[in-house]
Amino acid sequence: MELKHQHIRLRALRQEDADQIAQLINNHKILDNLRDSIPFPYLKSDALKFIELCGRLDPLRNFAIEYDGKFVGTIGLEQETDVYRLSGHLGYWLGEPYWGKGIASAAVDRMVEYGFHSLELIRIHACVYSFNKASQRVLEKNGFKLEGIFEKAVVKNNNVYDEYHYAKVRN
Ligand SMILES: CC(C)(COP(=O)(O)OP(=O)(O)OC[C@H]1O[C@@H](n2cnc3c(N)ncnc32)[C@H](O)[C@@H]1OP(=O)(O)O)[C@@H](O)C(=O)NCCC(=O)NCCS
């Protein structure tokens with residue numbers, strides 16, 4: 001599966017991405033916005049495990065984001081279960097050198113299309129910590145609606161933050 005958007009492409013993760021993942025994600029400016037289940041330091045072996053797990057899913061739900069032919073980050077849609085099975089939880093990160101070029105916004109656009117049309121989801125949601133204004137903006141630019149603010153929902157680096165819950169539904 002290949003998704004194109006100008007110079008931005010989503011493609012399956014490959015074992016060869018492991019070095020670049022480990023190199024880019026070991027950055028507190030990225031990890032401060034993600035869950036604590038992502039280890040620090042993040043080793044190449046962690047990346048290889050992640051890539052292997054992603055490769056087992058059929059259809060794929062996690063992709064490499066490529067910009068001008070280079071790996072720059074990842075994006076994924078975790079499908080919910082039980083009565084929530086037609087919903088997907090969206091997550092993404094980009095290496096810091098690639099911020100501010102509209103890459104995440106384009107990647108989210110492509111992933112939403114994939115989620116609604118290939119995975120046949122009817123709802124895609126994303127949870128963003130209160131201080132992460134760039135990610136909130138990415139979702140708003142993609143037509144996600146702020147459904148609510150979960151007060152004091154997040155403990156990150158020993159501080160408590162509100163969490164912004166966004167969603168987009170298929171028309
Ligand atoms: C969040 C992240 C994915 C954004 O990637 P990106 O490619 O730089 O995003 P884009 O360039 O597509 O869009 C960013 C938007 O946020 C805006 N923005 C950036 N910093 C901002 C800030 N501090 N306050 C308000 N808006 C801000 C930009 O101006 C841009 O909006 P615009 O197009 O209207 O000018 C990237 O910073 C990242 O990987 N961060 C760490 C991991 C993370 O936060 N993942 C998401 C977890 S929910």
# chains A, B, ... in the order shown; residues from 1 in each chain; ligands from 1
>>> residues_near_ligand(ligand="ligand 1", cutoff="6 Å", atoms="only C-alpha atoms and all ligand atoms", output="PyMOL selection string")
chain A and resi 30+33-34+92-94+99-105+127-128+133-135+137-138
>>> closest_atom_pairs(of="stretch 31-52 of chain A", to="stretch 150-156 of chain A", cutoff="12 Å", atoms="only C-alpha atoms", output="JSON lines")
{"residue": "A:Leu31", "atom": "CA", "partner": "A:Lys156", "partner_atom": "CA", "distance": 10.0}
{"residue": "A:Asp32", "atom": "CA", "partner": "A:Lys156", "partner_atom": "CA", "distance": 7.2}
{"residue": "A:Asn33", "atom": "CA", "partner": "A:Lys156", "partner_atom": "CA", "distance": 8.6}
{"residue": "A:Leu34", "atom": "CA", "partner": "A:Lys156", "partner_atom": "CA", "distance": 9.0}
{"residue": "A:Arg35", "atom": "CA", "partner": "A:Lys156", "partner_atom": "CA", "distance": 8.2}
{"residue": "A:Asp36", "atom": "CA", "partner": "A:Lys156", "partner_atom": "CA", "distance": 7.7}
{"residue": "A:Ser37", "atom": "CA", "partner": "A:Lys156", "partner_atom": "CA", "distance": 11.4}
>>> atom_distance(atom1="atom CA of A:Gly143", atom2="atom CA of A:Arg170")
11.1 Å
>>> closest_residue(among="A:Glu147, A:Asp17, A:Asp162, A:Asp82", to="A:Phe63", atoms="only C-alpha atoms")
A:Asp17
>>> closest_residue(among="A:Asn142, A:Gln15, A:Asn62, A:Ser45", to="A:Gly88", atoms="only C-alpha atoms")
A:Asn62
>>> atom_distance(atom1="atom CA of A:Gly115", atom2="atom CA of A:Leu77")
7.3 Å
>>> atom_distance(atom1="atom CA of A:Glu52", atom2="atom CA of A:Thr81")
21.5 Å
>>> select_by_dssp(residues="stretch 56-128 of chain A", states="strand (DSSP E or B)", output="ChimeraX atom specification")
/A:62-67,70-79,87-94,123-128
>>> residues_around(residues="A:Arg9", least_positions_apart="4", cutoff="12 Å", atoms="only C-alpha atoms", output="PyMOL selection string")
chain A and resi 1-5+13+63-75+103-104+106-111
>>> write_last_selection(atoms="C-alpha atoms", output="PDB file, in the first residue's frame")
ATOM      1  CA  MET A   1       0.000   0.000   0.000  1.00  0.00           C
ATOM      2  CA  GLU A   2       1.345   3.429  -0.877  1.00  0.00           C
ATOM      3  CA  LEU A   3      -0.216   6.753  -0.090  1.00  0.00           C
ATOM      4  CA  LYS A   4       1.113   9.848  -1.831  1.00  0.00           C
ATOM      5  CA  HIS A   5       0.761  13.503  -0.910  1.00  0.00           C
ATOM      6  CA  LEU A  13       7.691  -0.069   8.076  1.00  0.00           C
ATOM      7  CA  PHE A  63       3.279   3.183   8.585  1.00  0.00           C
ATOM      8  CA  ALA A  64       6.562   4.934   8.046  1.00  0.00           C
ATOM      9  CA  ILE A  65       6.210   8.582   7.056  1.00  0.00           C
ATOM     10  CA  GLU A  66       8.603   9.365   4.209  1.00  0.00           C
ATOM     11  CA  TYR A  67       9.515  12.876   3.152  1.00  0.00           C
ATOM     12  CA  ASP A  68      11.475  13.262  -0.089  1.00  0.00           C
ATOM     13  CA  GLY A  69      12.268   9.538   0.065  1.00  0.00           C
ATOM     14  CA  LYS A  70      13.605   9.644   3.648  1.00  0.00           C
ATOM     15  CA  PHE A  71      12.128   8.044   6.756  1.00  0.00           C
ATOM     16  CA  VAL A  72      11.017  10.900   9.037  1.00  0.00           C
ATOM     17  CA  GLY A  73       8.534   9.383  11.516  1.00  0.00           C
ATOM     18  CA  THR A  74       5.673   6.984  12.052  1.00  0.00           C
ATOM     19  CA  ILE A  75       1.886   7.112  12.148  1.00  0.00           C
ATOM     20  CA  ILE A 103       4.395  16.823   7.084  1.00  0.00           C
ATOM     21  CA  ALA A 104       2.289  15.631  10.042  1.00  0.00           C
ATOM     22  CA  ALA A 106      -0.409  15.645   5.342  1.00  0.00           C
ATOM     23  CA  ALA A 107       0.313  12.281   6.990  1.00  0.00           C
ATOM     24  CA  VAL A 108      -2.808  12.572   9.163  1.00  0.00           C
ATOM     25  CA  ASP A 109      -4.875  13.420   6.082  1.00  0.00           C
ATOM     26  CA  ARG A 110      -3.653  10.253   4.314  1.00  0.00           C
ATOM     27  CA  MET A 111      -4.083   8.084   7.411  1.00  0.00           C
TER      28      MET A 111
END
>>> residues_around(residues="A:His125", least_positions_apart="6", cutoff="6 Å", atoms="only C-alpha atoms", output="PyMOL selection string")
chain A and resi 89-90+166-167
>>> write_last_selection(atoms="C-alpha atoms", output="compact mmCIF listing (two decimals), in the first residue's frame")
# COMPACT_ATOMS: atom_id res chain seq x y z
CA HIS A 89 -6.93 5.59 17.96
CA LEU A 90 -4.54 7.77 15.98
CA TYR A 166 -10.34 14.97 19.43
CA ALA A 167 -12.36 12.90 16.97
>>> decode(residues="stretch 3-32 of chain A", atoms="N, CA, C and O atoms", output="PDB file, in the first residue's frame")
ATOM      1  N   LEU A   3       0.621   5.567  -0.095  1.00  0.00           N
ATOM      2  CA  LEU A   3      -0.216   6.753  -0.090  1.00  0.00           C
ATOM      3  C   LEU A   3       0.670   7.930  -0.438  1.00  0.00           C
ATOM      4  O   LEU A   3       1.712   8.123   0.169  1.00  0.00           O
ATOM      5  N   LYS A   4       0.254   8.732  -1.411  1.00  0.00           N
ATOM      6  CA  LYS A   4       1.113   9.848  -1.831  1.00  0.00           C
ATOM      7  C   LYS A   4       0.465  11.181  -1.532  1.00  0.00           C
ATOM      8  O   LYS A   4      -0.718  11.346  -1.637  1.00  0.00           O
ATOM      9  N   HIS A   5       1.244  12.149  -1.143  1.00  0.00           N
ATOM     10  CA  HIS A   5       0.761  13.503  -0.910  1.00  0.00           C
ATOM     11  C   HIS A   5       1.961  14.409  -1.147  1.00  0.00           C
ATOM     12  O   HIS A   5       2.791  14.586  -0.265  1.00  0.00           O
ATOM     13  N   GLN A   6       2.079  14.946  -2.319  1.00  0.00           N
ATOM     14  CA  GLN A   6       3.259  15.702  -2.733  1.00  0.00           C
ATOM     15  C   GLN A   6       4.517  14.895  -2.438  1.00  0.00           C
ATOM     16  O   GLN A   6       4.681  13.805  -2.945  1.00  0.00           O
ATOM     17  N   HIS A   7       5.410  15.399  -1.547  1.00  0.00           N
ATOM     18  CA  HIS A   7       6.650  14.664  -1.269  1.00  0.00           C
ATOM     19  C   HIS A   7       6.479  13.696  -0.118  1.00  0.00           C
ATOM     20  O   HIS A   7       7.434  13.154   0.378  1.00  0.00           O
ATOM     21  N   ILE A   8       5.244  13.579   0.366  1.00  0.00           N
ATOM     22  CA  ILE A   8       5.029  12.789   1.587  1.00  0.00           C
ATOM     23  C   ILE A   8       4.330  11.484   1.231  1.00  0.00           C
ATOM     24  O   ILE A   8       3.343  11.475   0.510  1.00  0.00           O
ATOM     25  N   ARG A   9       4.897  10.398   1.758  1.00  0.00           N
ATOM     26  CA  ARG A   9       4.376   9.081   1.407  1.00  0.00           C
ATOM     27  C   ARG A   9       4.274   8.266   2.692  1.00  0.00           C
ATOM     28  O   ARG A   9       5.155   8.341   3.558  1.00  0.00           O
ATOM     29  N   LEU A  10       3.193   7.504   2.826  1.00  0.00           N
ATOM     30  CA  LEU A  10       3.119   6.530   3.905  1.00  0.00           C
ATOM     31  C   LEU A  10       3.413   5.173   3.293  1.00  0.00           C
ATOM     32  O   LEU A  10       2.848   4.835   2.257  1.00  0.00           O
ATOM     33  N   ARG A  11       4.288   4.420   3.933  1.00  0.00           N
ATOM     34  CA  ARG A  11       4.601   3.081   3.427  1.00  0.00           C
ATOM     35  C   ARG A  11       4.813   2.136   4.609  1.00  0.00           C
ATOM     36  O   ARG A  11       4.958   2.571   5.752  1.00  0.00           O
ATOM     37  N   ALA A  12       4.806   0.842   4.319  1.00  0.00           N
ATOM     38  CA  ALA A  12       5.015  -0.143   5.379  1.00  0.00           C
ATOM     39  C   ALA A  12       6.361   0.099   6.056  1.00  0.00           C
ATOM     40  O   ALA A  12       7.331   0.497   5.400  1.00  0.00           O
ATOM     41  N   LEU A  13       6.410  -0.153   7.358  1.00  0.00           N
ATOM     42  CA  LEU A  13       7.691  -0.069   8.076  1.00  0.00           C
ATOM     43  C   LEU A  13       8.575  -1.228   7.640  1.00  0.00           C
ATOM     44  O   LEU A  13       8.086  -2.322   7.356  1.00  0.00           O
ATOM     45  N   ARG A  14       9.884  -0.963   7.588  1.00  0.00           N
ATOM     46  CA  ARG A  14      10.847  -2.007   7.210  1.00  0.00           C
ATOM     47  C   ARG A  14      11.912  -2.122   8.290  1.00  0.00           C
ATOM     48  O   ARG A  14      12.210  -1.125   8.964  1.00  0.00           O
ATOM     49  N   GLN A  15      12.520  -3.298   8.358  1.00  0.00           N
ATOM     50  CA  GLN A  15      13.606  -3.527   9.338  1.00  0.00           C
ATOM     51  C   GLN A  15      14.685  -2.446   9.209  1.00  0.00           C
ATOM     52  O   GLN A  15      15.244  -2.012  10.207  1.00  0.00           O
ATOM     53  N   GLU A  16      14.952  -1.986   7.993  1.00  0.00           N
ATOM     54  CA  GLU A  16      16.012  -0.980   7.770  1.00  0.00           C
ATOM     55  C   GLU A  16      15.665   0.373   8.389  1.00  0.00           C
ATOM     56  O   GLU A  16      16.516   1.260   8.453  1.00  0.00           O
ATOM     57  N   ASP A  17      14.396   0.567   8.833  1.00  0.00           N
ATOM     58  CA  ASP A  17      14.033   1.845   9.460  1.00  0.00           C
ATOM     59  C   ASP A  17      14.482   1.911  10.923  1.00  0.00           C
ATOM     60  O   ASP A  17      14.427   2.981  11.539  1.00  0.00           O
ATOM     61  N   ALA A  18      14.905   0.757  11.471  1.00  0.00           N
ATOM     62  CA  ALA A  18      15.149   0.690  12.919  1.00  0.00           C
ATOM     63  C   ALA A  18      16.183   1.716  13.390  1.00  0.00           C
ATOM     64  O   ALA A  18      15.987   2.382  14.417  1.00  0.00           O
ATOM     65  N   ASP A  19      17.287   1.859  12.655  1.00  0.00           N
ATOM     66  CA  ASP A  19      18.329   2.804  13.071  1.00  0.00           C
ATOM     67  C   ASP A  19      17.792   4.230  13.120  1.00  0.00           C
ATOM     68  O   ASP A  19      18.052   4.978  14.062  1.00  0.00           O
ATOM     69  N   GLN A  20      17.061   4.576  12.089  1.00  0.00           N
ATOM     70  CA  GLN A  20      16.539   5.944  11.978  1.00  0.00           C
ATOM     71  C   GLN A  20      15.482   6.208  13.056  1.00  0.00           C
ATOM     72  O   GLN A  20      15.437   7.289  13.637  1.00  0.00           O
ATOM     73  N   ILE A  21      14.653   5.197  13.345  1.00  0.00           N
ATOM     74  CA  ILE A  21      13.658   5.356  14.418  1.00  0.00           C
ATOM     75  C   ILE A  21      14.396   5.639  15.727  1.00  0.00           C
ATOM     76  O   ILE A  21      14.092   6.614  16.428  1.00  0.00           O
ATOM     77  N   ALA A  22      15.374   4.785  16.052  1.00  0.00           N
ATOM     78  CA  ALA A  22      16.083   4.936  17.326  1.00  0.00           C
ATOM     79  C   ALA A  22      16.797   6.283  17.378  1.00  0.00           C
ATOM     80  O   ALA A  22      16.821   6.963  18.408  1.00  0.00           O
ATOM     81  N   GLN A  23      17.374   6.691  16.266  1.00  0.00           N
ATOM     82  CA  GLN A  23      18.102   7.965  16.239  1.00  0.00           C
ATOM     83  C   GLN A  23      17.168   9.157  16.459  1.00  0.00           C
ATOM     84  O   GLN A  23      17.496  10.074  17.206  1.00  0.00           O
ATOM     85  N   LEU A  24      15.996   9.131  15.833  1.00  0.00           N
ATOM     86  CA  LEU A  24      15.106  10.298  15.903  1.00  0.00           C
ATOM     87  C   LEU A  24      14.274  10.349  17.183  1.00  0.00           C
ATOM     88  O   LEU A  24      14.007  11.432  17.715  1.00  0.00           O
ATOM     89  N   ILE A  25      13.852   9.187  17.687  1.00  0.00           N
ATOM     90  CA  ILE A  25      12.868   9.209  18.790  1.00  0.00           C
ATOM     91  C   ILE A  25      13.518   9.432  20.157  1.00  0.00           C
ATOM     92  O   ILE A  25      12.834   9.808  21.108  1.00  0.00           O
ATOM     93  N   ASN A  26      14.829   9.254  20.243  1.00  0.00           N
ATOM     94  CA  ASN A  26      15.511   9.498  21.526  1.00  0.00           C
ATOM     95  C   ASN A  26      15.668  10.991  21.775  1.00  0.00           C
ATOM     96  O   ASN A  26      16.777  11.519  21.845  1.00  0.00           O
ATOM     97  N   ASN A  27      14.539  11.657  21.908  1.00  0.00           N
ATOM     98  CA  ASN A  27      14.516  13.116  22.014  1.00  0.00           C
ATOM     99  C   ASN A  27      13.364  13.461  22.949  1.00  0.00           C
ATOM    100  O   ASN A  27      12.208  13.114  22.666  1.00  0.00           O
ATOM    101  N   HIS A  28      13.663  14.116  24.050  1.00  0.00           N
ATOM    102  CA  HIS A  28      12.601  14.407  25.022  1.00  0.00           C
ATOM    103  C   HIS A  28      11.520  15.312  24.444  1.00  0.00           C
ATOM    104  O   HIS A  28      10.377  15.268  24.896  1.00  0.00           O
ATOM    105  N   LYS A  29      11.873  16.110  23.427  1.00  0.00           N
ATOM    106  CA  LYS A  29      10.839  16.964  22.826  1.00  0.00           C
ATOM    107  C   LYS A  29       9.783  16.113  22.123  1.00  0.00           C
ATOM    108  O   LYS A  29       8.667  16.565  21.890  1.00  0.00           O
ATOM    109  N   ILE A  30      10.155  14.892  21.739  1.00  0.00           N
ATOM    110  CA  ILE A  30       9.175  13.963  21.163  1.00  0.00           C
ATOM    111  C   ILE A  30       8.532  13.146  22.276  1.00  0.00           C
ATOM    112  O   ILE A  30       7.307  13.108  22.413  1.00  0.00           O
ATOM    113  N   LEU A  31       9.381  12.518  23.100  1.00  0.00           N
ATOM    114  CA  LEU A  31       8.858  11.568  24.091  1.00  0.00           C
ATOM    115  C   LEU A  31       7.970  12.239  25.132  1.00  0.00           C
ATOM    116  O   LEU A  31       7.057  11.611  25.661  1.00  0.00           O
ATOM    117  N   ASP A  32       8.176  13.516  25.402  1.00  0.00           N
ATOM    118  CA  ASP A  32       7.332  14.218  26.383  1.00  0.00           C
ATOM    119  C   ASP A  32       5.871  14.271  25.938  1.00  0.00           C
ATOM    120  O   ASP A  32       4.982  14.546  26.740  1.00  0.00           O
TER     121      ASP A  32
END
